[in-house]
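Pasting start.pdb here (PDB, C-alpha atoms):
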```
ATOM      1  CA  LEU P  14     -11.569   7.547  -4.538  1.00  0.00           C
ATOM      2  CA  LYS P  15     -13.950   4.699  -3.776  1.00  0.00           C
ATOM      3  CA  LYS P  16     -16.397   5.796  -6.471  1.00  0.00           C
ATOM      4  CA  SER P  17     -13.726   6.278  -9.127  1.00  0.00           C
ATOM      5  CA  HIS P  18     -11.656   3.122  -8.704  1.00  0.00           C
ATOM      6  CA  PRO P  19     -13.001  -0.384  -9.468  1.00  0.00           C
ATOM      7  CA  ALA P  20     -10.609  -2.019  -6.976  1.00  0.00           C
ATOM      8  CA  LEU P  21     -12.490  -0.326  -4.136  1.00  0.00           C
ATOM      9  CA  ALA P  22     -15.901  -1.529  -5.273  1.00  0.00           C
ATOM     10  CA  VAL P  23     -17.894  -3.910  -3.130  1.00  0.00           C
ATOM     11  CA  GLY P  24     -16.750  -7.458  -3.790  1.00  0.00           C
ATOM     12  CA  ALA P  25     -13.242  -6.655  -5.057  1.00  0.00           C
ATOM     13  CA  PRO P  26     -10.912  -9.214  -3.455  1.00  0.00           C
ATOM     14  CA  LEU P  27      -8.504  -8.121  -0.728  1.00  0.00           C
ATOM     15  CA  GLU P  28      -4.987  -9.592  -0.649  1.00  0.00           C
ATOM     16  CA  VAL P  29      -2.937  -9.136   2.510  1.00  0.00           C
ATOM     17  CA  LEU P  30       0.660  -8.431   1.441  1.00  0.00           C
ATOM     18  CA  VAL P  31       2.297  -7.788   4.819  1.00  0.00           C
ATOM     19  CA  ALA P  32       0.805  -8.267   8.279  1.00  0.00           C
ATOM     20  CA  ASP P  33       3.455  -7.888  10.943  1.00  0.00           C
ATOM     21  CA  GLU P  34       2.018  -7.433  14.413  1.00  0.00           C
ATOM     22  CA  GLY P  35       5.469  -7.027  15.988  1.00  0.00           C
ATOM     23  CA  GLN P  36       6.412  -4.220  13.585  1.00  0.00           C
ATOM     24  CA  ARG P  37       2.850  -2.868  13.674  1.00  0.00           C
ATOM     25  CA  VAL P  38       2.524  -2.602   9.884  1.00  0.00           C
ATOM     26  CA  LEU P  39      -0.114  -3.803   7.451  1.00  0.00           C
ATOM     27  CA  ALA P  40      -0.091  -3.716   3.665  1.00  0.00           C
ATOM     28  CA  PHE P  41      -2.821  -4.969   1.382  1.00  0.00           C
ATOM     29  CA  ALA P  42      -3.980  -4.735  -2.207  1.00  0.00           C
ATOM     30  CA  ARG P  43      -7.334  -4.825  -3.913  1.00  0.00           C
ATOM     31  CA  THR P  44      -7.604  -5.518  -7.632  1.00  0.00           C
ATOM     32  CA  ALA P  45     -10.486  -5.324 -10.100  1.00  0.00           C
ATOM     33  CA  SER P  46     -10.779  -4.756 -13.846  1.00  0.00           C
ATOM     34  CA  GLY P  47      -6.986  -4.910 -14.218  1.00  0.00           C
ATOM     35  CA  ARG P  48      -6.397  -2.011 -11.808  1.00  0.00           C
ATOM     36  CA  SER P  49      -5.014  -2.185  -8.273  1.00  0.00           C
ATOM     37  CA  ILE P  50      -4.801  -0.142  -5.110  1.00  0.00           C
ATOM     38  CA  VAL P  51      -1.899  -0.906  -2.755  1.00  0.00           C
ATOM     39  CA  VAL P  52      -2.266   0.380   0.812  1.00  0.00           C
ATOM     40  CA  ALA P  53       0.463   0.332   3.471  1.00  0.00           C
ATOM     41  CA  LEU P  54      -0.250   1.413   7.062  1.00  0.00           C
ATOM     42  CA  ASN P  55       2.063   2.106   9.995  1.00  0.00           C
ATOM     43  CA  PHE P  56       0.387   1.613  13.370  1.00  0.00           C
ATOM     44  CA  SER P  57       3.408   2.746  15.384  1.00  0.00           C
ATOM     45  CA  GLY P  58       5.115   5.922  16.487  1.00  0.00           C
ATOM     46  CA  GLU P  59       8.311   4.952  14.633  1.00  0.00           C
ATOM     47  CA  GLU P  60       9.271   5.149  10.949  1.00  0.00           C
ATOM     48  CA  LYS P  61       8.833   1.750   9.270  1.00  0.00           C
ATOM     49  CA  ARG P  62       9.830   0.179   5.952  1.00  0.00           C
ATOM     50  CA  VAL P  63       7.566  -2.261   4.137  1.00  0.00           C
ATOM     51  CA  HIS P  64       8.755  -4.648   1.397  1.00  0.00           C
ATOM     52  CA  LEU P  65       6.100  -5.647  -1.117  1.00  0.00           C
ATOM     53  CA  PRO P  66       5.948  -8.960  -2.980  1.00  0.00           C
ATOM     54  CA  ALA P  67       7.180  -8.816  -6.579  1.00  0.00           C
ATOM     55  CA  HIS P  68       3.723  -9.197  -8.128  1.00  0.00           C
ATOM     56  CA  HIS P  69       2.665  -5.827  -6.647  1.00  0.00           C
ATOM     57  CA  THR P  70       5.612  -3.790  -7.871  1.00  0.00           C
ATOM     58  CA  GLY P  71       5.523  -1.398 -10.796  1.00  0.00           C
ATOM     59  CA  LYS P  72       4.477   2.127 -11.674  1.00  0.00           C
ATOM     60  CA  GLY P  73       1.504   3.900 -10.166  1.00  0.00           C
ATOM     61  CA  SER P  74       0.496   7.171  -8.595  1.00  0.00           C
ATOM     62  CA  ASP P  75      -0.128   8.443  -5.093  1.00  0.00           C
ATOM     63  CA  ALA P  76      -3.891   8.329  -4.574  1.00  0.00           C
ATOM     64  CA  PHE P  77      -3.995  11.748  -2.928  1.00  0.00           C
ATOM     65  CA  SER P  78      -1.240  13.856  -4.496  1.00  0.00           C
ATOM     66  CA  GLY P  79      -1.218  12.238  -7.941  1.00  0.00           C
ATOM     67  CA  ALA P  80       2.586  12.057  -7.819  1.00  0.00           C
ATOM     68  CA  ASP P  81       4.225   9.263  -9.806  1.00  0.00           C
ATOM     69  CA  VAL P  82       5.284   6.315  -7.656  1.00  0.00           C
ATOM     70  CA  THR P  83       7.396   3.309  -8.573  1.00  0.00           C
ATOM     71  CA  LEU P  84       7.038   0.317  -6.272  1.00  0.00           C
ATOM     72  CA  GLU P  85      10.148  -1.848  -6.439  1.00  0.00           C
ATOM     73  CA  GLN P  86      10.803  -5.220  -4.810  1.00  0.00           C
ATOM     74  CA  ASP P  87      14.263  -4.183  -3.597  1.00  0.00           C
ATOM     75  CA  THR P  88      13.176  -0.744  -2.374  1.00  0.00           C
ATOM     76  CA  PRO P  89      10.772  -0.714   0.575  1.00  0.00           C
ATOM     77  CA  ILE P  90       7.984   1.792   1.099  1.00  0.00           C
ATOM     78  CA  THR P  91       8.986   4.140   3.909  1.00  0.00           C
ATOM     79  CA  LEU P  92       6.130   4.984   6.245  1.00  0.00           C
ATOM     80  CA  GLN P  93       6.317   7.874   8.679  1.00  0.00           C
ATOM     81  CA  PRO P  94       5.134   7.312  12.288  1.00  0.00           C
ATOM     82  CA  TRP P  95       1.382   6.633  12.197  1.00  0.00           C
ATOM     83  CA  GLY P  96       1.617   7.131   8.408  1.00  0.00           C
ATOM     84  CA  PHE P  97       0.226   5.449   5.336  1.00  0.00           C
ATOM     85  CA  SER P  98       0.723   5.104   1.596  1.00  0.00           C
ATOM     86  CA  VAL P  99      -2.013   4.546  -0.989  1.00  0.00           C
ATOM     87  CA  VAL P 100      -0.815   3.795  -4.525  1.00  0.00           C
ATOM     88  CA  VAL P 101      -3.140   3.454  -7.503  1.00  0.00           C
ATOM     89  CA  LYS P 102      -1.882   1.172 -10.276  1.00  0.00           C
TER      90      LYS P 102
END
```
Could you write out this file's structure as structure tokens?
Amino acid sequence: LKKSHPALAVGAPLEVLVADEGQRVLAFARTASGRSIVVALNFSGEEKRVHLPAHHTGKGSDAFSGADVTLEQDTPITLQPWGFSVVVK
């Protein structure tokens, strides 16, 4: 994935979207050449929901399965315990 996506290249800026130590979740995005990767991580043993800012919503695909994903401001990403989501846009 790193070799095929410009947003994961060295020097691509990282934007922290959600950093909630109490909820134990982190979400960030990296963008380069008009393409983005949005990553959400759950560092807890409980299911968590992460709301993304509006400027990182839209259509993309799961980085591993290739399944279509729509990130919506009003619909949080659901993360399983110790889970993650990686969306390529």
For this session: Would you translate the PyMOL selection byres ((chain P and resi 89-101) around 8) into the concrete set of residues it matches in this file, as a ChimeraX atom specification?
Result: /P:48-65,73-77,82,84-88,102
For this session: Between P:Ala67, P:Ala45, P:Val38, P:Ala80, single out the one closest to Gly24 in chain P, counting only C-alpha atoms.
Result: P:Ala45
Which residues, written as a PDB file with C-alpha atoms, in the coordinates of the input, have at least one atom at most 8 Å from Leu39 in chain P, with only C-alpha atoms counted and residues fewer than 2 positions away on the same chain left out?
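Okay, out.pdb is ready:
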```pdb
ATOM      1  CA  VAL P  29      -2.937  -9.136   2.510  1.00  0.00           C
ATOM      2  CA  LEU P  30       0.660  -8.431   1.441  1.00  0.00           C
ATOM      3  CA  VAL P  31       2.297  -7.788   4.819  1.00  0.00           C
ATOM      4  CA  ALA P  32       0.805  -8.267   8.279  1.00  0.00           C
ATOM      5  CA  ASP P  33       3.455  -7.888  10.943  1.00  0.00           C
ATOM      6  CA  ARG P  37       2.850  -2.868  13.674  1.00  0.00           C
ATOM      7  CA  PHE P  41      -2.821  -4.969   1.382  1.00  0.00           C
ATOM      8  CA  ALA P  53       0.463   0.332   3.471  1.00  0.00           C
ATOM      9  CA  LEU P  54      -0.250   1.413   7.062  1.00  0.00           C
ATOM     10  CA  ASN P  55       2.063   2.106   9.995  1.00  0.00           C
TER      11      ASN P  55
END
```
Exercise. So which residues touch Pro26 in chain P within 9 Å, counting all atoms listed in the file, skipping near sequence neighbours fewer than 6 positions away, as a list in words?
Worked result: Ala20, Ala42, Arg43, Thr44 and Ala45 of chain P
